[in-house]
file final.cif (mmCIF, C-alpha atoms and all ligand atoms)
data_start
loop_
_atom_site.label_atom_id
_atom_site.label_comp_id
_atom_site.auth_asym_id
_atom_site.auth_seq_id
_atom_site.Cartn_x
_atom_site.Cartn_y
_atom_site.Cartn_z
CA MET A 78 105.02 74.23 101.03
CA ALA A 79 101.29 74.49 101.73
CA ARG A 80 99.05 75.73 98.95
CA HIS A 81 98.19 79.41 98.84
CA LYS A 82 94.69 80.42 99.91
CA ILE A 83 92.77 82.63 97.53
CA ALA A 84 89.50 84.19 98.69
CA LEU A 85 87.02 85.47 96.13
CA ILE A 86 84.50 87.90 97.61
CA GLY A 87 81.58 87.86 95.21
CA ALA A 88 80.76 84.59 93.46
CA GLY A 89 78.96 86.03 90.45
CA GLN A 90 80.07 86.03 86.83
CA ILE A 91 83.62 87.25 87.47
CA GLY A 92 83.96 85.41 90.80
CA GLY A 93 83.05 82.06 89.22
CA THR A 94 85.44 82.62 86.32
CA LEU A 95 88.22 83.57 88.74
CA ALA A 96 87.61 80.40 90.73
CA HIS A 97 87.90 78.29 87.59
CA LEU A 98 91.11 80.03 86.45
CA VAL A 99 92.73 79.66 89.89
CA GLY A 100 92.20 75.91 89.58
CA LEU A 101 93.32 75.59 85.96
CA LYS A 102 96.49 77.54 86.79
CA GLU A 103 97.00 75.72 90.11
CA LEU A 104 97.48 78.96 92.04
CA GLY A 105 96.03 77.60 95.28
CA ASP A 106 92.93 76.59 97.23
CA VAL A 107 89.81 78.71 96.78
CA VAL A 108 87.22 80.18 99.11
CA LEU A 109 84.20 81.59 97.30
CA PHE A 110 82.24 84.04 99.45
CA ASP A 111 78.88 85.58 98.59
CA ILE A 112 75.76 86.84 100.38
CA ALA A 113 73.66 84.63 98.07
CA GLU A 114 73.24 81.30 99.82
CA GLY A 115 74.09 78.24 97.78
CA VAL A 116 75.74 80.11 94.89
CA PRO A 117 79.35 80.03 96.16
CA GLN A 118 78.87 76.45 97.39
CA GLY A 119 77.35 75.37 94.06
CA LYS A 120 79.99 77.03 91.90
CA GLY A 121 82.78 75.69 94.12
CA LEU A 122 81.44 72.13 93.90
CA ASP A 123 80.89 72.37 90.15
CA ILE A 124 84.49 73.52 89.55
CA ALA A 125 85.90 70.95 91.99
CA GLU A 126 84.09 68.28 89.95
CA SER A 127 85.84 69.55 86.80
CA ALA A 128 89.27 69.11 88.43
CA PRO A 129 89.58 65.34 87.80
CA VAL A 130 88.89 65.97 84.10
CA ASP A 131 91.33 68.85 83.75
CA GLY A 132 93.85 67.31 86.15
CA PHE A 133 94.37 70.01 88.77
CA ASP A 134 94.41 69.87 92.56
CA ALA A 135 92.69 72.61 94.51
CA LYS A 136 90.20 72.66 97.35
CA TYR A 137 87.01 74.67 96.89
CA GLN A 138 84.93 76.01 99.75
CA GLY A 139 81.75 78.05 99.38
CA ALA A 140 80.88 80.40 102.23
CA ASN A 141 78.37 83.00 103.44
CA ASP A 142 80.39 83.92 106.52
CA TYR A 143 83.52 86.06 106.47
CA SER A 144 85.34 83.75 108.90
CA ALA A 145 85.99 81.47 105.89
CA ILE A 146 88.46 83.97 104.39
CA ALA A 147 90.71 83.85 107.46
CA GLY A 148 94.39 83.83 106.56
CA ALA A 149 93.87 84.30 102.81
CA ASP A 150 97.02 85.22 100.88
CA VAL A 151 95.11 86.92 98.08
CA ILE A 152 91.58 88.32 98.04
CA ILE A 153 89.82 89.34 94.85
CA VAL A 154 86.73 91.48 95.36
CA THR A 155 83.87 91.50 92.84
CA ALA A 156 81.00 91.85 95.33
CA GLY A 157 78.35 94.32 94.28
CA VAL A 158 76.22 94.94 91.23
CA PRO A 159 77.39 95.21 87.62
CA ARG A 160 76.13 97.57 84.90
CA LYS A 161 73.03 97.01 82.78
CA PRO A 162 72.51 98.72 79.40
CA GLY A 163 72.04 102.47 79.84
CA MET A 164 73.90 102.56 83.18
CA SER A 165 77.27 104.20 83.64
CA ARG A 166 79.83 102.74 86.05
CA ASP A 167 79.17 105.76 88.26
CA ASP A 168 75.48 104.83 88.63
CA LEU A 169 76.67 101.90 90.75
CA LEU A 170 78.41 104.10 93.31
CA GLY A 171 75.82 104.30 96.10
CA ILE A 172 74.98 100.59 96.13
CA ASN A 173 78.53 99.34 95.83
CA LEU A 174 79.92 101.75 98.45
CA LYS A 175 77.82 99.99 101.10
CA VAL A 176 79.07 96.65 99.83
CA MET A 177 82.69 97.87 100.15
CA GLU A 178 82.04 98.78 103.79
CA ALA A 179 80.91 95.21 104.59
CA VAL A 180 83.78 93.69 102.59
CA GLY A 181 86.34 96.05 104.18
CA ASN A 182 85.18 95.09 107.68
CA GLY A 183 85.42 91.39 106.81
CA ILE A 184 88.96 91.78 105.49
CA LYS A 185 90.01 93.87 108.50
CA GLN A 186 88.76 91.19 110.88
CA TYR A 187 89.90 88.02 109.13
CA ALA A 188 92.64 88.69 106.57
CA PRO A 189 94.42 91.97 107.29
CA ASN A 190 97.67 90.73 105.68
CA ALA A 191 96.21 89.65 102.34
CA PHE A 192 97.06 91.20 98.99
CA VAL A 193 93.72 92.55 97.81
CA ILE A 194 92.62 93.16 94.23
CA CYS A 195 89.37 95.11 93.81
CA ILE A 196 87.31 94.82 90.64
CA THR A 197 83.96 96.27 91.78
CA ASN A 198 82.89 99.42 89.89
CA PRO A 199 83.20 102.37 89.81
CA LEU A 200 86.65 100.93 90.22
CA ASP A 201 88.93 103.79 91.23
CA ALA A 202 86.49 105.07 93.87
CA MET A 203 85.60 101.60 95.19
CA VAL A 204 89.23 100.55 95.71
CA TRP A 205 89.84 103.88 97.47
CA ALA A 206 86.87 103.26 99.79
CA LEU A 207 87.85 99.62 100.34
CA GLN A 208 91.32 100.70 101.48
CA LYS A 209 89.76 103.12 103.98
CA PHE A 210 87.23 100.58 105.30
CA SER A 211 89.75 97.72 105.52
CA GLY A 212 92.71 99.70 106.85
CA LEU A 213 95.00 97.71 104.53
CA LYS A 214 98.46 99.12 103.88
CA PRO A 215 98.27 101.00 100.54
CA GLU A 216 100.90 98.70 98.98
CA LYS A 217 98.67 95.68 99.70
CA ILE A 218 95.60 96.82 97.75
CA VAL A 219 95.16 97.59 94.06
CA GLY A 220 92.35 97.96 91.58
CA MET A 221 92.08 95.94 88.38
CA ALA A 222 91.27 97.99 85.30
CA GLY A 223 94.41 98.87 83.34
CA VAL A 224 95.32 95.26 82.52
CA LEU A 225 91.83 94.75 81.09
CA ASP A 226 91.68 98.04 79.21
CA SER A 227 95.17 97.38 77.80
CA ALA A 228 94.18 93.84 76.83
CA ARG A 229 91.20 95.19 74.91
CA PHE A 230 93.44 97.67 73.07
CA ARG A 231 95.97 94.88 72.37
CA HIS A 232 93.23 92.68 70.94
CA PHE A 233 92.02 95.44 68.57
CA LEU A 234 95.61 96.22 67.51
CA ALA A 235 96.53 92.57 66.92
CA GLU A 236 93.42 92.11 64.75
CA GLU A 237 94.19 95.25 62.75
CA PHE A 238 97.84 94.27 62.16
CA ASN A 239 97.17 90.54 61.83
CA VAL A 240 99.95 89.72 64.31
CA SER A 241 100.08 87.70 67.51
CA VAL A 242 98.53 89.35 70.57
CA GLU A 243 101.69 88.27 72.39
CA ASP A 244 103.78 90.75 70.39
CA VAL A 245 101.46 93.69 71.02
CA THR A 246 102.00 95.70 74.19
CA ALA A 247 99.78 98.55 75.28
CA PHE A 248 99.42 100.89 78.22
CA VAL A 249 96.08 102.31 79.22
CA LEU A 250 96.35 104.60 82.25
CA GLY A 251 94.11 106.95 84.24
CA GLY A 252 90.71 106.17 85.72
CA HIS A 253 88.57 103.27 84.51
CA GLY A 254 85.97 105.42 82.79
CA ASP A 255 85.23 106.67 79.31
CA ASP A 256 88.06 109.19 79.66
CA MET A 257 90.72 106.55 80.39
CA VAL A 258 94.05 107.26 78.69
CA PRO A 259 95.32 104.76 76.07
CA LEU A 260 98.95 105.81 75.61
CA VAL A 261 99.65 105.32 71.93
CA ARG A 262 103.31 106.36 72.20
CA TYR A 263 104.02 103.65 74.79
CA SER A 264 102.11 100.94 72.92
CA THR A 265 104.09 98.80 70.50
CA VAL A 266 104.28 95.84 68.17
CA ALA A 267 107.48 94.01 69.12
CA GLY A 268 108.91 97.27 70.44
CA VAL A 269 107.90 99.46 67.47
CA PRO A 270 105.68 102.30 68.80
CA LEU A 271 102.26 102.77 67.20
CA PRO A 272 103.01 106.24 65.73
CA ASP A 273 105.93 104.63 63.83
CA LEU A 274 103.61 101.91 62.54
CA VAL A 275 101.31 104.62 61.17
CA LYS A 276 104.32 106.13 59.37
CA MET A 277 105.25 102.66 58.07
CA GLY A 278 101.76 102.35 56.56
CA TRP A 279 100.60 99.49 58.81
CA THR A 280 97.49 101.47 59.67
CA THR A 281 96.11 104.99 59.36
CA GLN A 282 95.82 107.64 62.05
CA ALA A 283 92.03 107.53 61.63
CA LYS A 284 91.93 103.77 62.25
CA LEU A 285 94.23 104.12 65.26
CA ASP A 286 91.99 106.87 66.68
CA ALA A 287 88.97 104.60 66.19
CA MET A 288 90.71 101.76 68.09
CA VAL A 289 91.53 104.13 70.95
CA GLU A 290 87.87 105.18 71.09
CA ARG A 291 86.68 101.56 70.95
CA THR A 292 89.01 100.75 73.85
CA ARG A 293 87.54 103.59 75.92
CA LYS A 294 84.04 102.27 75.28
CA GLY A 295 85.08 98.59 75.43
CA GLY A 296 83.13 97.80 78.60
CA GLY A 297 79.95 99.39 77.26
CA GLU A 298 80.26 97.45 73.99
CA ILE A 299 80.07 94.17 75.93
CA VAL A 300 77.26 95.41 78.22
CA ASN A 301 75.17 96.28 75.16
CA LEU A 302 75.75 92.83 73.66
CA LEU A 303 75.14 90.82 76.84
CA LYS A 304 72.20 92.98 78.00
CA THR A 305 72.03 91.28 81.44
CA GLY A 306 75.45 92.16 82.88
CA SER A 307 79.00 93.18 82.05
CA ALA A 308 82.20 91.53 80.81
CA PHE A 309 83.65 88.74 82.93
CA TYR A 310 86.11 86.51 81.07
CA ALA A 311 88.70 89.21 80.30
CA PRO A 312 88.25 90.99 83.66
CA ALA A 313 88.86 87.68 85.48
CA ALA A 314 91.92 86.83 83.36
CA SER A 315 93.34 90.29 84.07
CA ALA A 316 92.97 90.00 87.85
CA ILE A 317 94.53 86.53 87.76
CA ALA A 318 97.63 87.97 86.03
CA MET A 319 97.96 90.44 88.91
CA ALA A 320 97.42 87.77 91.59
CA GLU A 321 99.96 85.48 89.92
CA SER A 322 102.59 88.23 89.86
CA TYR A 323 102.15 88.66 93.63
CA LEU A 324 102.05 84.95 94.51
CA LYS A 325 105.05 84.05 92.35
CA ASP A 326 106.96 87.29 93.00
CA LYS A 327 107.15 87.78 89.24
CA LYS A 328 107.53 91.55 89.51
CA ARG A 329 105.47 92.14 86.39
CA VAL A 330 104.97 95.72 85.25
CA LEU A 331 101.21 96.14 84.94
CA PRO A 332 98.87 99.12 84.74
CA CYS A 333 96.74 99.02 87.89
CA ALA A 334 94.82 101.44 90.08
CA ALA A 335 97.37 102.14 92.82
CA TYR A 336 97.43 104.48 95.79
CA LEU A 337 99.31 107.63 94.87
CA THR A 338 101.10 109.85 97.35
CA GLY A 339 102.18 112.63 95.01
CA GLN A 340 103.28 110.63 91.95
CA TYR A 341 101.84 112.12 88.77
CA GLY A 342 100.81 115.10 90.95
CA VAL A 343 98.05 113.01 92.59
CA LYS A 344 97.57 112.46 96.33
CA ASP A 345 95.29 110.17 98.37
CA MET A 346 93.63 108.63 95.34
CA PHE A 347 93.81 105.37 93.42
CA VAL A 348 94.43 105.98 89.72
CA GLY A 349 95.63 103.66 86.96
CA VAL A 350 99.42 103.85 86.57
CA PRO A 351 102.13 101.31 85.73
CA ILE A 352 103.28 99.45 88.84
CA VAL A 353 105.55 96.53 89.70
CA ILE A 354 103.71 93.73 91.55
CA GLY A 355 105.89 91.34 93.55
CA ALA A 356 105.88 89.50 96.86
CA LYS A 357 105.70 92.79 98.79
CA GLY A 358 102.63 93.91 96.85
CA VAL A 359 103.03 97.20 95.00
CA GLU A 360 106.82 97.34 94.90
CA ARG A 361 107.20 100.33 92.65
CA ILE A 362 105.12 102.98 90.97
CA VAL A 363 106.50 103.75 87.54
CA GLU A 364 106.30 107.42 86.57
CA VAL A 365 106.42 107.79 82.80
CA SER A 366 106.64 111.22 81.22
CA PHE A 367 103.63 112.60 79.36
CA SER A 368 103.40 114.83 76.31
CA GLY A 369 101.18 117.91 76.65
CA ASP A 370 98.13 116.13 75.21
CA GLU A 371 98.67 113.00 77.29
CA LYS A 372 99.01 115.09 80.46
CA ALA A 373 95.75 116.91 79.69
CA MET A 374 93.95 113.59 79.11
CA PHE A 375 95.38 112.10 82.32
CA GLU A 376 94.37 115.16 84.34
CA LYS A 377 90.83 115.03 82.95
CA SER A 378 90.61 111.37 83.92
CA VAL A 379 91.97 112.10 87.42
CA ALA A 380 89.37 114.85 87.82
CA SER A 381 86.60 112.30 87.10
CA VAL A 382 88.03 109.97 89.76
CA GLN A 383 88.21 112.89 92.21
CA GLY A 384 84.52 113.57 91.53
CA LEU A 385 83.65 109.98 92.44
CA VAL A 386 85.78 110.03 95.58
CA ASP A 387 84.08 113.27 96.64
CA ALA A 388 80.69 111.63 96.03
CA CYS A 389 81.75 108.73 98.32
CA LYS A 390 82.73 111.20 101.04
CA GLN A 391 79.36 112.90 100.71
CA ILE A 392 77.44 109.64 101.02
CA ASN A 393 79.57 108.43 103.92
CA PRO A 394 81.12 111.33 105.86
CA ALA A 395 83.20 108.84 107.92
CA LEU A 396 85.34 108.43 104.78
CA LYS A 397 87.93 111.15 105.02
P1 LIG B 401 77.66 89.66 89.33
O1 LIG B 401 77.64 88.47 88.44
O2 LIG B 401 76.37 90.35 89.62
O3 LIG B 401 78.35 89.23 90.70
C1 LIG B 401 78.36 90.05 91.82
C2 LIG B 401 78.17 89.17 93.04
O4 LIG B 401 78.30 89.98 94.19
C3 LIG B 401 76.76 88.52 93.10
O5 LIG B 401 76.91 87.10 93.17
C4 LIG B 401 76.16 89.11 94.37
O6 LIG B 401 75.35 88.18 95.08
C5 LIG B 401 77.42 89.45 95.16
N1 LIG B 401 77.20 90.45 96.22
C6 LIG B 401 76.37 91.51 96.23
N2 LIG B 401 76.47 92.16 97.39
C7 LIG B 401 77.38 91.47 98.14
C8 LIG B 401 77.92 91.65 99.44
N3 LIG B 401 77.52 92.64 100.23
N4 LIG B 401 78.84 90.76 99.87
C9 LIG B 401 79.25 89.74 99.09
N5 LIG B 401 78.77 89.53 97.85
C10 LIG B 401 77.86 90.39 97.39
O7 LIG B 401 78.66 90.78 88.76
P2 LIG B 401 80.04 90.55 87.97
O8 LIG B 401 80.79 89.44 88.59
O9 LIG B 401 79.76 90.52 86.50
O10 LIG B 401 80.77 91.96 88.27
C11 LIG B 401 81.19 92.27 89.57
C12 LIG B 401 81.66 93.72 89.67
O11 LIG B 401 82.79 93.92 88.83
C13 LIG B 401 80.63 94.78 89.22
O12 LIG B 401 80.66 95.88 90.12
C14 LIG B 401 81.13 95.19 87.86
O13 LIG B 401 80.73 96.50 87.52
C15 LIG B 401 82.61 95.12 88.07
N6 LIG B 401 83.42 95.03 86.84
C16 LIG B 401 84.57 95.75 86.82
C17 LIG B 401 85.39 95.71 85.72
C18 LIG B 401 86.65 96.50 85.70
O14 LIG B 401 87.37 96.48 84.74
C19 LIG B 401 87.01 97.31 86.84
C20 LIG B 401 85.04 94.92 84.62
C21 LIG B 401 83.86 94.19 84.67
C22 LIG B 401 83.05 94.24 85.81
#
call {"tool": "encode", "arguments": {"input": "final.cif", "output": "structure tokens", "more": "lines below"}}
Ligand code: A3D
result
Amino acid sequence: MARHKIALIGAGQIGGTLAHLVGLKELGDVVLFDIAEGVPQGKGLDIAESAPVDGFDAKYQGANDYSAIAGADVIIVTAGVPRKPGMSRDDLLGINLKVMEAVGNGIKQYAPNAFVICITNPLDAMVWALQKFSGLKPEKIVGMAGVLDSARFRHFLAEEFNVSVEDVTAFVLGGHGDDMVPLVRYSTVAGVPLPDLVKMGWTTQAKLDAMVERTRKGGGEIVNLLKTGSAFYAPAASAIAMAESYLKDKKRVLPCAAYLTGQYGVKDMFVGVPIVIGAKGVERIVEVSFSGDEKAMFEKSVASVQGLVDACKQINPALK
């Protein structure tokens, strides 16, 4: 069987890390695309030269022309600008919406059957716009945010409990903004829900609340430390987990921004919910039940996403 082809649109911090991980995990051959000349070629060559040392086989091609993505099985989109200190994800909307239009047209022309993972912020609005511009079937395009937000929460929990990150599960749903919804009831250590762990004295409610808040602000914490850009190692790892589930038909259950057609009372929007990713793309949208508080938090988060989608429609009236 021929190797899969993975196209990375945007060869910046996340794009370069993705390219490296694709090689290390032997997921396929890589095309790095960027508008910056030399950058995708340079990063591709640099990673290809690491392959003999690490012992993996993958071809790397750098490109500034969309024709290079032709026939890609998976496309991961990070093209655009990231946040700087003091900027919210929403401040990026106008600039990155134009980028999504160019990317969407490229995908429509050269790789209309790919499974596409969008990472560009503001995530939930950009993946919505990218679906419209590309014309991709809704089950073939998702946004990466929930896996990352959940991974951050899992990291904080594992540190607090001094247990392996592998035994900590967490679900963070809703939009990828400061009102995202970490679902404490559905987050566990080896199957034991967090509220039970509070009762068992493993932590206090106050500490748990602080970890939830730190998760919500997790992206900003990294932006403030780095000063010149935003997180890239964990975002790249998260998108790779999603791509791998598609390429290997693993059918993993992952929180992702998926197109909703009435689930959770939401229509024609991408919002973070648990989904099953397999060879057909989004194979199932999992509808969990919410308590009153959780429902209120989810609805608040959905309202923020709606605001961003409306802003996109205002900037570009062709987006309906
Ligand atoms: P960065 O290192 O700046 O890379 C972005 C790349 O996009 C640069 O190499 C640009 O040259 C390139 N680019 C700009 N415009 C175009 C275009 N029209 N076509 C092709 N390439 C273009 O940023 P990054 O890799 O750190 O972040 C990329 C995006 O991911 C940003 O929008 C971030 O805000 C976003 N991000 C999202 C998350 C989520 O969890 C959703 C996390 C971290 C970053």
call {"tool": "closest_residue", "arguments": {"input": "final.cif", "among": "A:Gly183, A:Val107, A:Arg160, A:Met319", "to": "Ser144 of chain A", "atoms": "only C-alpha atoms"}}
result
A:Gly183
call {"tool": "residues_around", "arguments": {"input": "final.cif", "residues": "Leu385 of chain A", "least_positions_apart": "2", "cutoff": "9 Å", "atoms": "only C-alpha atoms", "output": "list of chain:residue names"}}
result
A:Asp167, A:Leu170, A:Pro199, A:Asp201, A:Ala202, A:Ala380, A:Ser381, A:Val382, A:Gln383, A:Asp387, A:Ala388, A:Cys389, A:Lys390
call {"tool": "residues_near_ligand", "arguments": {"input": "final.cif", "ligand": "ligand LIG 401 (chain B)", "cutoff": "8 Å", "atoms": "only C-alpha atoms and all ligand atoms", "output": "ChimeraX atom specification"}}
result
/A:86-93,110-113,116,154-160,166,169,173,175-177,179-180,195-200,220-223,225-226,253,296,306-309,312
call {"tool": "residues_around", "arguments": {"input": "final.cif", "residues": "Phe192 of chain A", "least_positions_apart": "2", "cutoff": "8 Å", "atoms": "all atoms listed in the file", "output": "JSON, numbers by chain"}}
result
{"A": [150, 151, 152, 190, 194, 217, 218, 323, 358]}
call {"tool": "write_last_selection", "arguments": {"input": "final.cif", "atoms": "C-alpha atoms", "output": "PDB file, keeping the file's coordinate frame"}}
result
ATOM      1  CA  ASP A 150      97.020  85.220 100.880  1.00  0.00           C
ATOM      2  CA  VAL A 151      95.110  86.920  98.080  1.00  0.00           C
ATOM      3  CA  ILE A 152      91.580  88.320  98.040  1.00  0.00           C
ATOM      4  CA  ASN A 190      97.670  90.730 105.680  1.00  0.00           C
ATOM      5  CA  ILE A 194      92.620  93.160  94.230  1.00  0.00           C
ATOM      6  CA  LYS A 217      98.670  95.680  99.700  1.00  0.00           C
ATOM      7  CA  ILE A 218      95.600  96.820  97.750  1.00  0.00           C
ATOM      8  CA  TYR A 323     102.150  88.660  93.630  1.00  0.00           C
ATOM      9  CA  GLY A 358     102.630  93.910  96.850  1.00  0.00           C
TER      10      GLY A 358
END
call {"tool": "atom_distance", "arguments": {"input": "final.cif", "atom1": "atom CA of Lys185 of chain A", "atom2": "atom CA of Leu213 of chain A"}}
result
7.4 Å
call {"tool": "atom_distance", "arguments": {"input": "final.cif", "atom1": "atom CA of Ser368 of chain A", "atom2": "atom CA of His232 of chain A"}}
result
25.0 Å
call {"tool": "closest_atom_pairs", "arguments": {"input": "final.cif", "of": "segment 251-345 of chain A", "to": "segment 79-82 of chain A", "cutoff": "12 Å", "atoms": "all atoms listed in the file", "output": "JSON lines"}}
result
{"residue": "A:Ala320", "atom": "CA", "partner": "A:His81", "partner_atom": "CA", "distance": 11.1}
{"residue": "A:Glu321", "atom": "CA", "partner": "A:His81", "partner_atom": "CA", "distance": 10.9}
{"residue": "A:Tyr323", "atom": "CA", "partner": "A:His81", "partner_atom": "CA", "distance": 11.3}
{"residue": "A:Leu324", "atom": "CA", "partner": "A:His81", "partner_atom": "CA", "distance": 8.0}
{"residue": "A:Lys325", "atom": "CA", "partner": "A:His81", "partner_atom": "CA", "distance": 10.5}
call {"tool": "atom_distance", "arguments": {"input": "final.cif", "atom1": "atom CA of Gly181 of chain A", "atom2": "atom CA of Gly139 of chain A"}}
result
19.2 Å
call {"tool": "residues_around", "arguments": {"input": "final.cif", "residues": "Val108 of chain A", "least_positions_apart": "3", "cutoff": "8 Å", "atoms": "only C-alpha atoms", "output": "PDB file with C-alpha atoms, in the coordinates of the input"}}
result
ATOM      1  CA  LYS A  82      94.690  80.420  99.910  1.00  0.00           C
ATOM      2  CA  ILE A  83      92.770  82.630  97.530  1.00  0.00           C
ATOM      3  CA  ALA A  84      89.500  84.190  98.690  1.00  0.00           C
ATOM      4  CA  LEU A  85      87.020  85.470  96.130  1.00  0.00           C
ATOM      5  CA  TYR A 137      87.010  74.670  96.890  1.00  0.00           C
ATOM      6  CA  GLN A 138      84.930  76.010  99.750  1.00  0.00           C
ATOM      7  CA  GLY A 139      81.750  78.050  99.380  1.00  0.00           C
ATOM      8  CA  ALA A 140      80.880  80.400 102.230  1.00  0.00           C
ATOM      9  CA  ALA A 145      85.990  81.470 105.890  1.00  0.00           C
ATOM     10  CA  ILE A 146      88.460  83.970 104.390  1.00  0.00           C
TER      11      ILE A 146
END
call {"tool": "closest_residue", "arguments": {"input": "final.cif", "among": "A:Pro272, A:Val224, A:Glu237, A:Leu98", "to": "Arg329 of chain A", "atoms": "only C-alpha atoms"}}
result
A:Val224
call {"tool": "closest_residue", "arguments": {"input": "final.cif", "among": "A:Ala235, A:Ala267, A:Glu216, A:Ala247", "to": "Ala356 of chain A", "atoms": "only C-alpha atoms"}}
result
A:Glu216
call {"tool": "closest_residue", "arguments": {"input": "final.cif", "among": "A:Gly251, A:Pro332, A:Gly163, A:Gly268", "to": "Gly297 of chain A", "atoms": "only C-alpha atoms"}}
result
A:Gly163
call {"tool": "closest_residue", "arguments": {"input": "final.cif", "among": "A:Pro162, A:Gly119, A:Pro270, A:Gly132", "to": "Val300 of chain A", "atoms": "all atoms listed in the file"}}
result
A:Pro162
call {"tool": "build_atoms", "arguments": {"input": "final.cif", "residues": "segment 353-359 of chain A", "atoms": "all heavy atoms", "output": "short mmCIF file (atom, residue, chain, number, x, y, z; two decimals), in the frame of the given file"}}
result
data_model
loop_
_atom_site.label_atom_id
_atom_site.label_comp_id
_atom_site.auth_asym_id
_atom_site.auth_seq_id
_atom_site.Cartn_x
_atom_site.Cartn_y
_atom_site.Cartn_z
N VAL A 353 104.90 97.84 89.64
CA VAL A 353 105.55 96.53 89.70
C VAL A 353 104.86 95.76 90.83
O VAL A 353 104.81 96.24 91.96
CB VAL A 353 107.06 96.67 89.99
CG1 VAL A 353 107.70 95.29 90.17
CG2 VAL A 353 107.75 97.44 88.86
N ILE A 354 104.33 94.57 90.51
CA ILE A 354 103.71 93.73 91.55
C ILE A 354 104.62 92.54 91.84
O ILE A 354 104.96 91.76 90.94
CB ILE A 354 102.33 93.19 91.12
CG1 ILE A 354 101.36 94.34 90.82
CG2 ILE A 354 101.73 92.29 92.21
CD1 ILE A 354 99.95 93.89 90.44
N GLY A 355 105.05 92.46 93.11
CA GLY A 355 105.89 91.34 93.55
C GLY A 355 105.42 90.88 94.92
O GLY A 355 104.33 91.24 95.37
N ALA A 356 106.26 90.11 95.59
CA ALA A 356 105.88 89.50 96.86
C ALA A 356 105.53 90.53 97.93
O ALA A 356 104.84 90.21 98.91
CB ALA A 356 107.00 88.60 97.35
N LYS A 357 106.03 91.75 97.79
CA LYS A 357 105.70 92.79 98.79
C LYS A 357 104.44 93.55 98.41
O LYS A 357 104.05 94.50 99.08
CB LYS A 357 106.86 93.77 98.93
CG LYS A 357 108.14 93.13 99.48
CD LYS A 357 109.13 94.22 99.87
CE LYS A 357 110.47 93.63 100.30
NZ LYS A 357 111.34 93.33 99.14
N GLY A 358 103.82 93.19 97.31
CA GLY A 358 102.63 93.91 96.85
C GLY A 358 103.03 94.90 95.78
O GLY A 358 103.74 94.55 94.82
N VAL A 359 102.61 96.16 95.96
CA VAL A 359 103.03 97.20 95.00
C VAL A 359 104.46 97.58 95.36
O VAL A 359 104.71 98.24 96.36
CB VAL A 359 102.11 98.45 95.10
CG1 VAL A 359 102.56 99.52 94.11
CG2 VAL A 359 100.66 98.06 94.86
#
